[in-house]
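Trainee: Handing you a structure now.
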Amino acid sequence: MPGTGKTTFIAALWHLLTSNEISSKFVLNDLIGDRTHLESIADTWRRCEEVPRTSMAAETKVSMYVKDTRTNEVAILHFPDFSGESFEQQLLFKILYIRIS
């Protein structure tokens with residue numbers, strides 16, 4: 001899945017939840033993960049620059065707790081910001097495992 005925009009999606013979502021530019025049904029309630037990483041990729045996205053691909057060495061996991069402003073219910077969104085190569089590698093291992101089983 002390289003080049004599909006996984007990190008770009010996370011950057012845009014972080015901007016939506018933290019900028020208060022657009023009224024949203026959801027607000028950020030809590031975060032588990034690297035806020036610095038999210039700010040960095042969101043800043044790149046805000047400048048309309050291409051968000052750099054996540055390298056296998058820079059992979060990170062983020063969990064955003066978002067609250068529905070109408071119901072006060074909280075949902076947890078887990079985002080593994082993995083490289084596309086990691087996804088492909090996992091798929092390849094799964095296919096090989098199925099074939100040899």
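Chain labels run A, B, ... following the order of the structure tokens; each chain numbers its residues from 1, and ligands are numbered from 1 in the order shown.
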What's the 6 Å shell around region 23-29 of chain A, counting only C-alpha atoms, without same-chain residues fewer than 2 positions away, as JSON, numbers by chain?

Mentor: {"A": [17, 65, 66, 67, 68, 69]}

Trainee: Would you output that residue set with N, CA and C atoms, as an mmCIF file, in the first residue's frame?

Mentor:
data_model
loop_
_atom_site.group_PDB
_atom_site.id
_atom_site.type_symbol
_atom_site.label_atom_id
_atom_site.label_comp_id
_atom_site.auth_asym_id
_atom_site.auth_seq_id
_atom_site.Cartn_x
_atom_site.Cartn_y
_atom_site.Cartn_z
ATOM 1 N N LEU A 17 -9.097 18.113 13.967
ATOM 2 C CA LEU A 17 -9.416 17.987 15.392
ATOM 3 C C LEU A 17 -8.769 19.056 16.267
ATOM 4 N N TYR A 65 -8.513 9.847 21.053
ATOM 5 C CA TYR A 65 -9.807 9.699 21.703
ATOM 6 C C TYR A 65 -10.641 10.884 21.249
ATOM 7 N N VAL A 66 -11.697 10.614 20.505
ATOM 8 C CA VAL A 66 -12.544 11.693 19.996
ATOM 9 C C VAL A 66 -13.919 11.608 20.652
ATOM 10 N N LYS A 67 -14.445 12.782 20.969
ATOM 11 C CA LYS A 67 -15.733 12.833 21.642
ATOM 12 C C LYS A 67 -16.778 13.429 20.711
ATOM 13 N N ASP A 68 -17.919 12.788 20.658
ATOM 14 C CA ASP A 68 -19.069 13.286 19.908
ATOM 15 C C ASP A 68 -19.664 14.431 20.730
ATOM 16 N N THR A 69 -19.687 15.621 20.172
ATOM 17 C CA THR A 69 -20.147 16.793 20.931
ATOM 18 C C THR A 69 -21.641 16.761 21.216
#

Trainee: Rank A:Thr60, A:Ala12, A:Glu50, A:Ile76 by their smallest atom-to-atom distance to Gly33 (chain A), using only C-alpha atoms, and report the top residue only.

Mentor: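 Nearest candidate to Gly33 (chain A) out of A:Thr60, A:Ala12, A:Glu50, A:Ile76: A:Thr60.
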
Trainee: So, with only C-alpha atoms as the atoms that count, which of A:Ile32, A:Ala42, A:Ala11, A:Leu16 lies closest to Lys61 (chain A)?

Mentor: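 Of A:Ile32, A:Ala42, A:Ala11, A:Leu16, the one nearest Lys61 (chain A) is A:Ile32, counting only C-alpha atoms.
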
Trainee: Excluding His78 (chain A) and residues on its chain fewer than 6 positions from it, collect all residues at most 8 Å away from it, counting only C-alpha atoms, and give them as a list in words.

Mentor: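 What passes the distance filter is Lys61, Val62, Ser63 and Met64 of chain A.
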
Trainee: What's around Ser40 (chain A) at 12 Å? Count only C-alpha atoms, leave out sequence neighbours fewer than 5 positions away in its own chain, and write the answer as a ChimeraX atom specification.

Mentor: /A:7-8,10-12,14-15,34-35,45-47,49,51-52

Trainee: What separation in Å, quoted to one decimal, exists between CA of Pro80 (chain A) and CA of Ser19 (chain A)?

Mentor: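 Between CA of Pro80 (chain A) and CA of Ser19 (chain A) the gap works out to 22.2 Å.
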
Trainee: Between A:Phe9, A:Asp30, A:Thr18, A:Ile100, which one has atoms that come closest to Val74 (chain A), using only C-alpha atoms?

Mentor: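 Checking each candidate against Val74 (chain A), we get A:Asp30 as the closest.
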
Trainee: One number please: CA of Thr36 (chain A) to CA of Gly5 (chain A), in Å, one decimal.

Mentor: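 Straight-line distance from CA of Thr36 (chain A) to CA of Gly5 (chain A) works out to 19.4 Å.
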
Trainee: Suppose you want the space between CA of Glu21 (chain A) and CA of Phe79 (chain A); what is it in Å?

Mentor: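 Pair CA of Glu21 (chain A) / CA of Phe79 (chain A) returns 22.8 Å.
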